[in-house]
$ cat entry23.csv   # CSV, C-alpha atoms and all ligand atoms
chain,number,residue,atom,x,y,z
V,1,MET,CA,-94.7,-79.9,62.5
V,2,ARG,CA,-96.8,-77.1,61.0
V,3,PRO,CA,-98.2,-76.9,57.5
V,4,SER,CA,-95.2,-76.1,55.2
V,5,GLU,CA,-95.8,-77.7,51.9
V,6,THR,CA,-96.4,-75.3,49.0
V,7,LEU,CA,-97.7,-75.6,45.5
V,8,ASP,CA,-97.3,-72.9,42.9
V,9,GLY,CA,-96.6,-70.3,45.6
V,10,GLU,CA,-99.5,-71.3,47.8
V,11,LEU,CA,-99.3,-72.8,51.2
V,12,CYS,CA,-101.1,-76.2,51.3
V,13,VAL,CA,-103.1,-77.5,54.3
V,14,GLY,CA,-103.9,-81.1,54.2
V,15,GLY,CA,-102.5,-81.1,50.6
V,16,ILE,CA,-105.0,-78.4,49.4
V,17,PRO,CA,-103.7,-75.1,48.1
V,18,LEU,CA,-105.0,-72.2,50.2
V,19,THR,CA,-107.1,-70.3,47.7
V,20,ARG,CA,-108.8,-73.6,46.7
V,21,LEU,CA,-109.3,-74.5,50.4
V,22,ALA,CA,-110.9,-71.0,51.0
V,23,GLU,CA,-113.3,-71.7,48.2
V,24,ARG,CA,-114.1,-75.1,49.6
V,25,VAL,CA,-114.8,-73.6,53.1
V,26,GLY,CA,-116.9,-71.0,51.4
V,27,GLN,CA,-115.8,-68.1,53.5
V,28,THR,CA,-112.9,-66.5,55.2
V,29,PRO,CA,-111.9,-66.3,58.0
V,30,PHE,CA,-111.5,-69.9,59.0
V,31,TYR,CA,-109.4,-72.3,61.0
V,32,ALA,CA,-108.0,-75.3,59.2
V,33,TYR,CA,-106.6,-78.4,61.0
V,34,ASP,CA,-104.4,-80.9,59.2
V,35,ARG,CA,-105.4,-84.5,60.0
V,36,HIS,CA,-102.1,-85.8,58.9
V,37,LEU,CA,-100.2,-83.5,61.3
V,38,LEU,CA,-102.6,-84.3,64.2
V,39,ALA,CA,-102.0,-88.0,63.8
V,40,ALA,CA,-98.3,-87.6,63.2
V,41,ARG,CA,-98.0,-85.6,66.5
V,42,VAL,CA,-99.7,-88.3,68.5
V,43,ALA,CA,-97.5,-90.9,66.9
V,44,SER,CA,-94.4,-89.0,67.7
V,45,VAL,CA,-95.4,-88.5,71.3
V,46,ARG,CA,-96.0,-92.2,71.6
V,47,ALA,CA,-92.7,-93.0,70.0
V,48,GLY,CA,-90.9,-90.6,72.3
V,49,LEU,CA,-92.4,-91.9,75.6
V,50,PRO,CA,-92.0,-95.2,77.3
V,51,HIS,CA,-94.6,-97.8,76.4
V,52,GLY,CA,-97.7,-98.0,78.6
V,53,ILE,CA,-98.2,-94.3,79.4
V,54,GLY,CA,-101.9,-93.3,79.0
V,55,LEU,CA,-102.1,-90.4,76.6
V,56,HIS,CA,-105.2,-88.2,77.1
V,57,TYR,CA,-106.3,-85.3,75.0
V,58,ALA,CA,-107.4,-82.2,77.0
V,59,VAL,CA,-110.5,-81.0,75.2
V,60,LYS,CA,-110.1,-77.4,76.5
V,61,ALA,CA,-107.3,-76.8,73.9
V,62,ASN,CA,-109.7,-77.3,71.0
V,63,PRO,CA,-113.2,-78.6,71.7
V,64,TRP,CA,-114.5,-78.4,68.1
V,65,PRO,CA,-116.5,-81.6,67.8
V,66,ALA,CA,-115.1,-82.8,64.5
V,67,LEU,CA,-111.5,-82.4,65.8
V,68,VAL,CA,-112.4,-84.1,69.1
V,69,GLY,CA,-114.0,-86.9,67.1
V,70,PHE,CA,-110.8,-87.2,65.0
V,71,MET,CA,-108.5,-87.3,68.1
V,72,ARG,CA,-110.7,-89.7,70.1
V,73,PRO,CA,-109.5,-93.0,68.5
V,74,LEU,CA,-105.9,-91.8,68.5
V,75,VAL,CA,-105.6,-91.2,72.2
V,76,ASP,CA,-106.4,-93.3,75.3
V,77,GLY,CA,-108.9,-90.9,76.9
V,78,LEU,CA,-110.3,-87.4,77.0
V,79,ASP,CA,-110.1,-84.8,79.8
V,80,VAL,CA,-112.9,-82.3,80.1
V,81,ALA,CA,-113.4,-79.3,82.2
V,82,SER,CA,-117.2,-78.5,81.9
V,83,SER,CA,-120.4,-80.3,81.1
V,84,GLY,CA,-120.2,-78.8,77.6
V,85,GLU,CA,-116.9,-80.5,77.0
V,86,LEU,CA,-118.2,-83.7,78.6
V,87,ALA,CA,-121.0,-83.7,76.0
V,88,VAL,CA,-118.6,-83.3,73.2
V,89,ALA,CA,-116.4,-86.1,74.5
V,90,LEU,CA,-119.3,-88.5,74.9
V,91,ASP,CA,-120.6,-87.6,71.5
V,92,ALA,CA,-117.2,-88.4,70.1
V,93,GLY,CA,-117.7,-92.0,71.4
V,94,VAL,CA,-115.2,-92.1,74.2
V,95,ASP,CA,-115.4,-94.8,76.8
V,96,PRO,CA,-116.5,-93.0,80.0
V,97,MET,CA,-114.0,-95.1,81.9
V,98,HIS,CA,-111.3,-93.0,80.2
V,99,VAL,CA,-112.7,-89.6,80.7
V,100,SER,CA,-111.8,-87.3,83.6
V,101,PHE,CA,-113.6,-84.1,84.6
V,102,ALA,CA,-111.6,-81.3,86.3
V,103,GLY,CA,-112.5,-77.7,87.0
V,104,PRO,CA,-112.7,-75.5,90.2
V,105,GLY,CA,-116.4,-74.6,90.2
V,106,LYS,CA,-118.4,-77.6,89.1
V,107,ARG,CA,-122.1,-76.9,89.3
V,108,GLU,CA,-124.4,-79.4,91.1
V,109,ALA,CA,-126.0,-80.4,87.8
V,110,GLU,CA,-122.6,-81.0,86.2
V,111,ILE,CA,-121.6,-83.3,89.0
V,112,ALA,CA,-124.7,-85.3,88.6
V,113,GLN,CA,-124.1,-85.5,84.8
V,114,ALA,CA,-120.6,-86.7,85.4
V,115,VAL,CA,-121.8,-89.4,87.8
V,116,ALA,CA,-124.6,-90.5,85.4
V,117,ALA,CA,-122.1,-90.7,82.6
V,118,GLY,CA,-119.7,-92.8,84.7
V,119,VAL,CA,-116.6,-90.6,84.2
V,120,LEU,CA,-113.9,-89.9,86.8
V,121,VAL,CA,-114.4,-86.6,88.6
V,122,ASN,CA,-111.2,-84.8,89.7
V,123,LEU,CA,-112.5,-83.2,92.8
V,124,GLU,CA,-111.2,-79.9,93.9
V,125,SER,CA,-112.9,-79.2,97.3
V,126,PHE,CA,-114.9,-80.5,100.2
V,127,ARG,CA,-118.0,-79.1,98.6
V,128,GLU,CA,-117.5,-81.4,95.7
V,129,VAL,CA,-117.2,-84.4,98.0
V,130,GLU,CA,-120.7,-83.6,99.4
V,131,LEU,CA,-122.2,-83.0,96.0
V,132,LEU,CA,-120.8,-86.2,94.6
V,133,ALA,CA,-122.1,-88.2,97.6
V,134,ARG,CA,-125.6,-86.7,97.1
V,135,ALA,CA,-125.6,-87.4,93.3
V,136,SER,CA,-124.3,-90.9,93.8
V,137,GLU,CA,-127.0,-91.7,96.4
V,138,ARG,CA,-129.8,-90.1,94.3
V,139,LEU,CA,-128.8,-91.9,91.1
V,140,GLY,CA,-127.9,-95.2,92.8
V,141,LEU,CA,-124.5,-95.1,90.9
V,142,PRO,CA,-121.0,-95.1,92.3
V,143,ALA,CA,-119.1,-91.8,92.0
V,144,ARG,CA,-115.6,-92.3,90.6
V,145,VAL,CA,-113.3,-89.7,92.1
V,146,ALA,CA,-109.7,-88.6,92.0
V,147,VAL,CA,-108.3,-85.8,94.1
V,148,ARG,CA,-106.8,-82.9,92.2
V,149,VAL,CA,-103.8,-81.8,94.2
V,150,ASN,CA,-102.5,-78.3,94.4
V,151,PRO,CA,-98.8,-79.3,95.0
V,152,ASP,CA,-96.5,-77.8,97.6
V,153,PHE,CA,-94.0,-77.0,94.8
V,154,ASP,CA,-94.0,-74.6,91.8
V,155,LEU,CA,-93.5,-75.6,88.2
V,156,ARG,CA,-90.7,-73.6,86.8
V,157,GLY,CA,-90.9,-72.6,83.1
V,158,ALA,CA,-94.6,-72.7,82.6
V,159,GLY,CA,-96.2,-69.8,80.6
V,160,MET,CA,-99.3,-70.1,82.9
V,161,ARG,CA,-98.9,-71.6,86.4
V,162,MET,CA,-101.8,-73.5,87.7
V,163,GLY,CA,-100.3,-75.3,90.7
V,164,GLY,CA,-98.2,-74.4,93.7
V,165,GLY,CA,-98.7,-71.5,96.1
V,166,ALA,CA,-102.3,-70.2,96.6
V,167,LYS,CA,-104.5,-71.4,93.8
V,168,PRO,CA,-108.2,-71.9,93.1
V,169,PHE,CA,-107.3,-75.2,91.4
V,170,GLY,CA,-107.3,-78.5,93.3
V,171,VAL,CA,-106.9,-79.2,97.0
V,172,ASP,CA,-103.8,-78.0,98.8
V,173,ALA,CA,-101.5,-81.0,99.3
V,174,GLU,CA,-101.5,-80.5,103.1
V,175,VAL,CA,-105.4,-80.7,103.1
V,176,VAL,CA,-105.5,-83.8,101.0
V,177,PRO,CA,-105.5,-86.3,104.0
V,178,LEU,CA,-108.7,-84.7,105.3
V,179,VAL,CA,-110.3,-84.8,101.8
V,180,LEU,CA,-109.3,-88.5,101.5
V,181,ARG,CA,-111.0,-89.2,104.9
V,182,ALA,CA,-114.1,-87.3,103.7
V,183,ILE,CA,-114.2,-89.4,100.5
V,184,GLY,CA,-113.9,-92.6,102.5
V,185,ASP,CA,-116.7,-91.5,104.9
V,186,ALA,CA,-119.0,-90.5,102.0
V,187,GLY,CA,-118.4,-93.9,100.4
V,188,LEU,CA,-117.2,-92.5,97.1
V,189,ARG,CA,-115.1,-94.7,94.9
V,190,PHE,CA,-111.6,-93.3,95.2
V,191,GLU,CA,-109.4,-94.0,92.1
V,192,GLY,CA,-106.4,-91.8,92.3
V,193,PHE,CA,-104.8,-88.4,92.0
V,194,HIS,CA,-104.5,-85.6,89.4
V,195,LEU,CA,-101.9,-82.8,89.2
V,196,TYR,CA,-101.7,-80.1,86.6
V,197,PRO,CA,-98.9,-77.7,87.3
V,198,GLY,CA,-99.3,-75.3,84.4
V,199,SER,CA,-99.4,-74.6,80.6
V,200,GLN,CA,-97.1,-73.8,77.8
V,201,ASN,CA,-93.8,-75.2,79.2
V,202,LEU,CA,-91.0,-75.5,76.7
V,203,HIS,CA,-88.4,-76.8,79.1
V,204,GLY,CA,-88.2,-80.6,79.1
V,205,ALA,CA,-86.0,-80.6,82.2
V,206,SER,CA,-88.5,-78.6,84.3
V,207,ILE,CA,-91.4,-80.8,83.1
V,208,ALA,CA,-89.3,-83.8,84.1
V,209,GLN,CA,-88.6,-82.3,87.5
V,210,ALA,CA,-92.3,-81.5,88.1
V,211,LEU,CA,-93.2,-85.1,87.1
V,212,ARG,CA,-90.8,-86.5,89.6
V,213,GLN,CA,-92.0,-84.2,92.4
V,214,SER,CA,-95.6,-84.9,91.5
V,215,HIS,CA,-95.0,-88.7,91.7
V,216,GLU,CA,-93.2,-88.3,95.1
V,217,LEU,CA,-96.0,-86.2,96.4
V,218,VAL,CA,-98.7,-88.7,95.2
V,219,VAL,CA,-96.8,-91.6,96.9
V,220,ARG,CA,-96.8,-89.7,100.1
V,221,LEU,CA,-100.5,-88.7,99.9
V,222,ALA,CA,-101.6,-92.2,98.9
V,223,GLU,CA,-100.8,-93.4,102.5
V,224,GLY,CA,-104.1,-91.8,103.6
V,225,ALA,CA,-106.3,-93.3,100.9
V,226,SER,CA,-109.1,-95.7,101.7
V,227,SER,CA,-108.5,-97.9,98.6
V,228,PRO,CA,-105.6,-98.6,96.2
V,229,VAL,CA,-104.5,-96.0,93.7
V,230,LYS,CA,-105.8,-97.0,90.2
V,231,GLN,CA,-104.7,-94.0,88.2
V,232,ILE,CA,-102.4,-91.1,88.5
V,233,ASN,CA,-102.8,-88.2,86.1
V,234,LEU,CA,-99.6,-86.1,86.2
V,235,GLY,CA,-100.9,-83.5,83.8
V,236,GLY,CA,-99.2,-82.0,80.8
V,237,GLY,CA,-98.8,-78.4,79.9
V,238,TRP,CA,-96.2,-79.1,77.2
V,239,GLY,CA,-95.5,-76.1,75.1
V,240,ILE,CA,-95.1,-75.4,71.5
V,241,PRO,CA,-92.8,-72.7,70.1
V,242,TYR,CA,-94.6,-69.5,69.0
V,243,PHE,CA,-92.0,-66.8,69.0
V,244,PRO,CA,-88.6,-66.2,67.6
V,245,GLY,CA,-85.9,-67.8,69.7
V,246,GLU,CA,-88.2,-70.4,71.2
V,247,GLN,CA,-87.1,-74.0,70.7
V,248,ALA,CA,-89.3,-77.1,70.4
V,249,LEU,CA,-89.7,-79.1,73.6
V,250,ASP,CA,-87.1,-81.8,74.1
V,251,LEU,CA,-89.0,-84.9,75.2
V,252,ALA,CA,-85.9,-86.9,76.2
V,253,PRO,CA,-85.7,-85.7,79.8
V,254,VAL,CA,-89.5,-86.1,80.1
V,255,ALA,CA,-89.3,-89.7,78.8
V,256,GLU,CA,-86.5,-90.4,81.2
V,257,ALA,CA,-88.5,-89.2,84.2
V,258,LEU,CA,-91.6,-91.1,83.1
V,259,ALA,CA,-89.6,-94.4,82.7
V,260,GLU,CA,-88.2,-93.9,86.3
V,261,ILE,CA,-91.7,-93.2,87.7
V,262,GLN,CA,-93.1,-96.3,85.8
V,263,GLY,CA,-90.2,-98.3,87.3
V,264,SER,CA,-91.1,-97.4,90.9
V,265,MET,CA,-94.8,-97.7,90.3
V,266,ALA,CA,-94.3,-101.2,89.0
V,267,SER,CA,-93.4,-102.2,92.6
V,268,GLU,CA,-95.6,-99.7,94.5
V,269,TRP,CA,-98.9,-100.1,92.6
V,270,PRO,CA,-98.6,-102.6,89.9
V,271,ALA,CA,-102.2,-102.1,88.8
V,272,CYS,CA,-102.0,-98.3,88.6
V,273,ARG,CA,-102.2,-96.4,85.2
V,274,LEU,CA,-100.0,-93.4,84.6
V,275,VAL,CA,-101.8,-90.9,82.5
V,276,LEU,CA,-100.8,-87.6,80.9
V,277,GLU,CA,-103.2,-85.0,79.6
V,278,LEU,CA,-102.0,-82.9,76.7
V,279,GLY,CA,-103.9,-80.2,74.9
V,280,ARG,CA,-101.9,-77.6,73.1
V,281,TYR,CA,-99.0,-79.9,72.4
V,282,LEU,CA,-101.1,-82.4,70.4
V,283,VAL,CA,-103.2,-80.0,68.3
V,284,GLY,CA,-101.5,-76.5,68.4
V,285,GLU,CA,-99.1,-76.9,65.5
V,286,ALA,CA,-101.5,-78.7,63.2
V,287,GLY,CA,-103.8,-75.7,62.8
V,288,VAL,CA,-103.7,-72.4,60.9
V,289,TYR,CA,-106.0,-69.4,61.0
V,290,VAL,CA,-106.7,-67.8,57.6
V,291,ALA,CA,-108.1,-64.4,56.9
V,292,ARG,CA,-108.5,-62.3,53.8
V,293,VAL,CA,-107.0,-58.9,53.2
V,294,LEU,CA,-109.8,-56.4,52.8
V,295,ASP,CA,-107.8,-53.2,52.6
V,296,ARG,CA,-104.3,-52.0,52.4
V,297,LYS,CA,-103.7,-48.7,54.1
V,298,VAL,CA,-100.7,-46.5,54.6
V,299,SER,CA,-100.7,-44.3,57.7
V,300,ARG,CA,-97.8,-41.9,58.0
V,301,GLY,CA,-95.5,-44.4,56.3
V,302,GLN,CA,-96.7,-47.5,58.1
V,303,VAL,CA,-98.5,-50.2,56.0
V,304,PHE,CA,-101.6,-51.8,57.5
V,305,LEU,CA,-103.2,-54.8,56.0
V,306,VAL,CA,-106.8,-54.8,57.3
V,307,THR,CA,-108.3,-58.3,57.2
V,308,ASP,CA,-111.7,-59.8,57.7
V,309,GLY,CA,-110.4,-61.7,60.7
V,310,GLY,CA,-108.9,-60.6,64.0
V,311,MET,CA,-108.9,-60.9,67.8
V,312,HIS,CA,-112.6,-61.9,67.9
V,313,HIS,CA,-111.6,-65.2,66.3
V,314,HIS,CA,-108.0,-65.4,67.5
V,315,LEU,CA,-107.6,-63.7,70.8
V,316,ALA,CA,-104.2,-65.4,71.5
V,317,ALA,CA,-102.6,-64.1,68.3
V,318,SER,CA,-103.6,-60.6,69.3
V,319,GLY,CA,-101.6,-61.0,72.4
V,320,ASN,CA,-104.6,-60.8,74.8
V,321,PHE,CA,-104.7,-64.4,76.0
V,322,GLY,CA,-102.2,-64.7,78.8
V,323,GLN,CA,-99.3,-62.8,77.2
V,324,VAL,CA,-97.5,-60.2,79.3
V,325,ILE,CA,-95.6,-58.6,76.5
V,326,ARG,CA,-97.3,-58.9,73.0
V,327,ARG,CA,-95.2,-60.9,70.5
V,328,ASN,CA,-96.1,-61.9,67.0
V,329,TYR,CA,-97.3,-65.4,66.1
V,330,PRO,CA,-95.6,-66.7,63.0
V,331,VAL,CA,-97.6,-65.4,60.0
V,332,ALA,CA,-97.4,-65.6,56.2
V,333,VAL,CA,-99.1,-64.4,53.1
V,334,GLY,CA,-100.4,-67.8,52.2
V,335,ASN,CA,-100.9,-67.3,48.4
V,336,ARG,CA,-97.5,-65.6,47.9
V,337,MET,CA,-95.2,-68.0,49.5
V,338,ASP,CA,-92.7,-67.9,46.7
V,339,LEU,CA,-92.1,-64.1,46.7
V,340,THR,CA,-88.7,-63.1,48.1
V,341,GLU,CA,-89.5,-59.4,48.3
V,342,ARG,CA,-90.3,-58.1,51.8
V,343,GLU,CA,-91.9,-55.1,53.3
V,344,LYS,CA,-92.8,-54.2,56.9
V,345,VAL,CA,-96.5,-54.4,57.6
V,346,SER,CA,-98.9,-54.7,60.4
V,347,ILE,CA,-101.9,-57.0,60.1
V,348,VAL,CA,-105.0,-55.8,61.9
V,349,GLY,CA,-108.6,-56.9,62.0
V,350,PRO,CA,-111.9,-55.1,61.4
V,351,LEU,CA,-112.7,-54.4,65.0
V,352,CYS,CA,-112.8,-50.8,66.2
V,353,THR,CA,-110.2,-51.3,68.9
V,354,PRO,CA,-106.4,-51.0,69.0
V,355,LEU,CA,-106.3,-54.4,70.6
V,356,ASP,CA,-107.2,-56.0,67.2
V,357,VAL,CA,-103.7,-56.7,65.9
V,358,LEU,CA,-102.7,-60.1,64.4
V,359,ALA,CA,-99.1,-59.1,63.6
V,360,ASP,CA,-97.3,-55.9,64.5
V,361,ARG,CA,-94.6,-54.7,62.0
V,362,VAL,CA,-93.6,-58.0,60.5
V,363,GLU,CA,-91.6,-58.6,57.3
V,364,LEU,CA,-93.8,-60.1,54.6
V,365,PRO,CA,-94.2,-60.2,50.9
V,366,PRO,CA,-96.3,-57.2,49.7
V,367,ALA,CA,-99.9,-58.1,50.0
V,368,TYR,CA,-103.1,-56.6,48.6
V,369,PRO,CA,-106.9,-56.9,49.0
V,370,GLY,CA,-108.0,-60.5,48.2
V,371,ASP,CA,-104.7,-62.1,49.5
V,372,LEU,CA,-104.9,-64.6,52.3
V,373,VAL,CA,-103.0,-64.1,55.5
V,374,VAL,CA,-102.1,-67.1,57.6
V,375,VAL,CA,-101.4,-67.3,61.3
V,376,PHE,CA,-99.6,-70.5,62.2
V,377,GLN,CA,-99.5,-72.4,65.5
V,378,SER,CA,-103.3,-71.8,65.7
V,379,GLY,CA,-104.7,-75.3,66.5
V,380,ALA,CA,-105.1,-74.7,70.2
V,381,TYR,CA,-106.8,-71.9,72.2
V,382,GLY,CA,-108.2,-70.4,69.0
V,383,ALA,CA,-111.9,-70.1,68.1
V,384,SER,CA,-113.2,-71.4,71.4
V,385,ALA,CA,-110.9,-69.1,73.4
V,386,SER,CA,-111.9,-65.9,71.5
V,387,PRO,CA,-114.7,-63.4,72.0
V,388,GLN,CA,-116.6,-64.1,68.8
V,389,ALA,CA,-119.5,-61.9,69.7
V,390,PHE,CA,-117.4,-58.9,70.3
V,391,LEU,CA,-118.4,-56.2,67.8
V,392,GLY,CA,-120.9,-58.4,66.0
V,393,HIS,CA,-118.8,-59.6,63.1
V,394,PRO,CA,-119.5,-63.0,61.5
V,395,ARG,CA,-118.1,-66.1,63.3
V,396,CYS,CA,-115.2,-68.0,61.8
V,397,ALA,CA,-115.5,-71.4,60.2
V,398,GLU,CA,-113.5,-74.5,61.1
V,399,VAL,CA,-112.4,-77.3,58.9
V,400,LEU,CA,-110.4,-80.5,59.1
V,401,VAL,CA,-108.4,-81.3,56.0
A,501,LIG,C1,-105.7,-76.4,80.5
A,501,LIG,C2,-105.6,-77.7,81.0
A,501,LIG,C3,-105.0,-78.8,80.3
A,501,LIG,C4,-104.4,-78.5,78.9
A,501,LIG,O1,-103.3,-77.7,78.9
A,501,LIG,P1,-102.4,-77.6,77.7
A,501,LIG,O2,-101.4,-76.6,78.1
A,501,LIG,O3,-103.2,-77.2,76.5
A,501,LIG,O4,-101.7,-78.9,77.4
A,501,LIG,C5,-104.9,-80.0,80.8
A,501,LIG,N1,-105.4,-80.2,82.1
A,501,LIG,C6,-106.0,-79.3,82.8
A,501,LIG,C7,-106.5,-79.6,84.1
A,501,LIG,C8,-106.1,-78.0,82.3
A,501,LIG,O5,-106.7,-77.1,83.1
$ encode --input "entry23.csv" --output "structure tokens" --more "lines below"
Ligand SMILES: *Cc1c(COP(=O)(O)O)cnc(C)c1O
Amino acid sequence: MRPSETLDGELCVGGIPLTRLAERVGQTPFYAYDRHLLAARVASVRAGLPHGIGLHYAVKANPWPALVGFMRPLVDGLDVASSGELAVALDAGVDPMHVSFAGPGKREAEIAQAVAAGVLVNLESFREVELLARASERLGLPARVAVRVNPDFDLRGAGMRMGGGAKPFGVDAEVVPLVLRAIGDAGLRFEGFHLYPGSQNLHGASIAQALRQSHELVVRLAEGASSPVKQINLGGGWGIPYFPGEQALDLAPVAEALAEIQGSMASEWPACRLVLELGRYLVGEAGVYVARVLDRKVSRGQVFLVTDGGMHHHLAASGNFGQVIRRNYPVAVGNRMDLTEREKVSIVGPLCTPLDVLADRVELPPAYPGDLVVVFQSGAYGASASPQAFLGHPRCAEVLV
């Protein structure tokens, strides 16, 4: 599900050959996101899951406004994690009823913005109960809240764990009854629970297990709630394959777990919505990062392609965004797709630091200055997750095609 069509030896994104696309963008480096692939991914998730699951897009994965605007009508809601993301979501025209706002350190002003906007706040501490009560009273508006729970189990298989054990995220499950009481006392409008166990999980069975455990936990916790549960958000964190040997996620066990949960919810809480929030899985494969080769250097026998792009635009591909051992993202020479000849090269950026590596000793067709290097699987955690100011090089462009 990544761009793969070629024309006259050139990779096409959104049907446009890469050199022409680069001219259209007017600069390299750039990220290009394929609309058709974005829509196809949402459609395949919907087709693979039981009917009636709310599918939210987690804006953190790629908050570029044009992309969020494209995703908005395709999904059932947006999840944000800052007032900046909230603004992007609202500008995209989302119904605030279907926005939730998570994050461990919400500022007082952000909380007031969320209440004024009418979105659901996933609250993560006693402090947030107080701030919400204050904002609600001051604005004369109800504060819609869900409790983000730090579960008492671990998610196995996630690349980045964000639940279980000691975490800054959410409220420890054993403390939730007290938070629910505080919510009731403060007169906030309790709507449900949120759990997010972790990111980049490629194991359908472990996601399914986490879903079942999350559901059981939520059923247990709901006994202490002051009003009926209207929505449970059981997170996402579904992974995409980046590295050799990684397999695409098998949705079958996930779908099976969701159908079971829906079945028991139908009798427990017939009016409750079951929501998932997916970021990377929806947008990651639809995007590529494109940089131009500026120089070709041979140092003691090793070939280096020096490009105009690098870690300042694509921190994740450089291996510095949550990887323990650096591995290469899939790469190609986008205007030489039909060559069969191979040489071993390293692709580096222009930054004066050894961290600025896009690909380390990969087999590629011989490439020269002017050629276009492509990094696949780049639709999520790209431009917005990179230190663009580092070393003062120009920013990258982004396009939807
Ligand atoms: C990061 C995050 C997401 C998105 O995670 P992906 O792995 O991109 O799907 C969703 N929800 C919360 C609360 C997050 O922190």
$ closest_residue --input "entry23.csv" --among "V:Gly379, V:Ala367, V:Phe390, V:Pro270" --to "Met337 of chain V" --atoms "only C-alpha atoms"
V:Ala367
$ closest_atom_pairs --input "entry23.csv" --of "chain V" --to "ligand LIG 501 (chain A)" --cutoff "6 Å" --atoms "all atoms listed in the file" --output "CSV"
residue,atom,partner,partner_atom,distance
V:Ala58,CA,A:LIG501,C5,5.1
V:Ala61,CA,A:LIG501,O3,4.9
V:Ala102,CA,A:LIG501,C7,5.8
V:Tyr196,CA,A:LIG501,C7,5.4
V:Ser199,CA,A:LIG501,O2,3.8
V:Gln200,CA,A:LIG501,O2,5.1
V:Gly235,CA,A:LIG501,N1,5.8
V:Gly236,CA,A:LIG501,O4,5.2
V:Gly237,CA,A:LIG501,O2,3.6
V:Trp238,CA,A:LIG501,O4,5.5
V:Glu277,CA,A:LIG501,C5,5.4
V:Leu278,CA,A:LIG501,O4,4.1
V:Gly279,CA,A:LIG501,O3,3.5
V:Arg280,CA,A:LIG501,O3,3.7
V:Tyr281,CA,A:LIG501,O4,5.8
$ atom_distance --input "entry23.csv" --atom1 "atom CA of Phe376 of chain V" --atom2 "atom CA of Ala316 of chain V"
11.6 Å
$ atom_distance --input "entry23.csv" --atom1 "atom CA of Asp8 of chain V" --atom2 "atom CA of Asp338 of chain V"
7.8 Å
$ residues_around --input "entry23.csv" --residues "segment 219-231 of chain V" --least-positions-apart "5" --cutoff "8 Å" --atoms "only C-alpha atoms" --output "ChimeraX atom specification"
/V:173,176-177,180-181,184,190-193,269,271-275
$ closest_atom_pairs --input "entry23.csv" --of "segment 175-220 of chain V" --to "segment 131-141 of chain V" --cutoff "10 Å" --atoms "only C-alpha atoms" --output "Markdown table"
| residue | atom | partner | partner_atom | distance |
| --- | --- | --- | --- | --- |
| V:Ile183 | CA | V:Ala133 | CA | 8.5 |
| V:Asp185 | CA | V:Ala133 | CA | 9.7 |
| V:Ala186 | CA | V:Ala133 | CA | 5.9 |
| V:Gly187 | CA | V:Ala133 | CA | 7.3 |
| V:Leu188 | CA | V:Ala133 | CA | 6.5 |
| V:Arg189 | CA | V:Ala133 | CA | 9.9 |
$ write_last_selection --input "entry23.csv" --atoms "C-alpha atoms" --output "PDB file, in the frame of the given file"
ATOM      1  CA  ILE V 183    -114.200 -89.400 100.500  1.00  0.00           C
ATOM      2  CA  ASP V 185    -116.700 -91.500 104.900  1.00  0.00           C
ATOM      3  CA  ALA V 186    -119.000 -90.500 102.000  1.00  0.00           C
ATOM      4  CA  GLY V 187    -118.400 -93.900 100.400  1.00  0.00           C
ATOM      5  CA  LEU V 188    -117.200 -92.500  97.100  1.00  0.00           C
ATOM      6  CA  ARG V 189    -115.100 -94.700  94.900  1.00  0.00           C
TER       7      ARG V 189
END
$ residues_around --input "entry23.csv" --residues "Ile16 of chain V" --least-positions-apart "5" --cutoff "9 Å" --atoms "all atoms listed in the file" --output "NGL selection string"
:V and (7 or 11 or 21 or 401)
$ atom_distance --input "entry23.csv" --atom1 "atom CA of Val147 of chain V" --atom2 "atom CA of Asp76 of chain V"
20.3 Å
$ closest_residue --input "entry23.csv" --among "V:Val129, V:Ala248, V:Val99, V:Leu400" --to "Ala117 of chain V" --atoms "all atoms listed in the file"
V:Val99
$ residues_around --input "entry23.csv" --residues "Gln377 of chain V" --least-positions-apart "6" --cutoff "12 Å" --atoms "all atoms listed in the file" --output "MDAnalysis selection string"
chainID V and resid 1:4 31:34 37 239:243 280:290 314 316:317 328:332
$ residues_around --input "entry23.csv" --residues "segment 345-354 of chain V" --least-positions-apart "6" --cutoff "9 Å" --atoms "only C-alpha atoms" --output "PyMOL selection string"
chain V and resi 293-294+302-312+318+360-364+366+373+390-391+393
$ residues_around --input "entry23.csv" --residues "Val42 of chain V" --least-positions-apart "3" --cutoff "8 Å" --atoms "all atoms listed in the file" --output "ChimeraX atom specification"
/V:38-39,45-46,74-75,282
$ closest_residue --input "entry23.csv" --among "V:Asn335, V:Ser299, V:Asn233, V:Gln247" --to "Gly204 of chain V" --atoms "all atoms listed in the file"
V:Gln247
$ residues_near_point --input "entry23.csv" --point "(-113.0, -78.7, 79.4)" --cutoff "6 Å" --atoms "only C-alpha atoms" --output "list in words"
Val59, Lys60, Val80, Ala81, Ser82 and Glu85 of chain V
$ closest_residue --input "entry23.csv" --among "V:Ala359, V:Leu18, V:Leu49, V:Ala43" --to "Leu251 of chain V" --atoms "all atoms listed in the file"
V:Leu49
$ closest_residue --input "entry23.csv" --among "V:Ala205, V:Arg161, V:Arg144, V:Val94" --to "Val68 of chain V" --atoms "only C-alpha atoms"
V:Val94
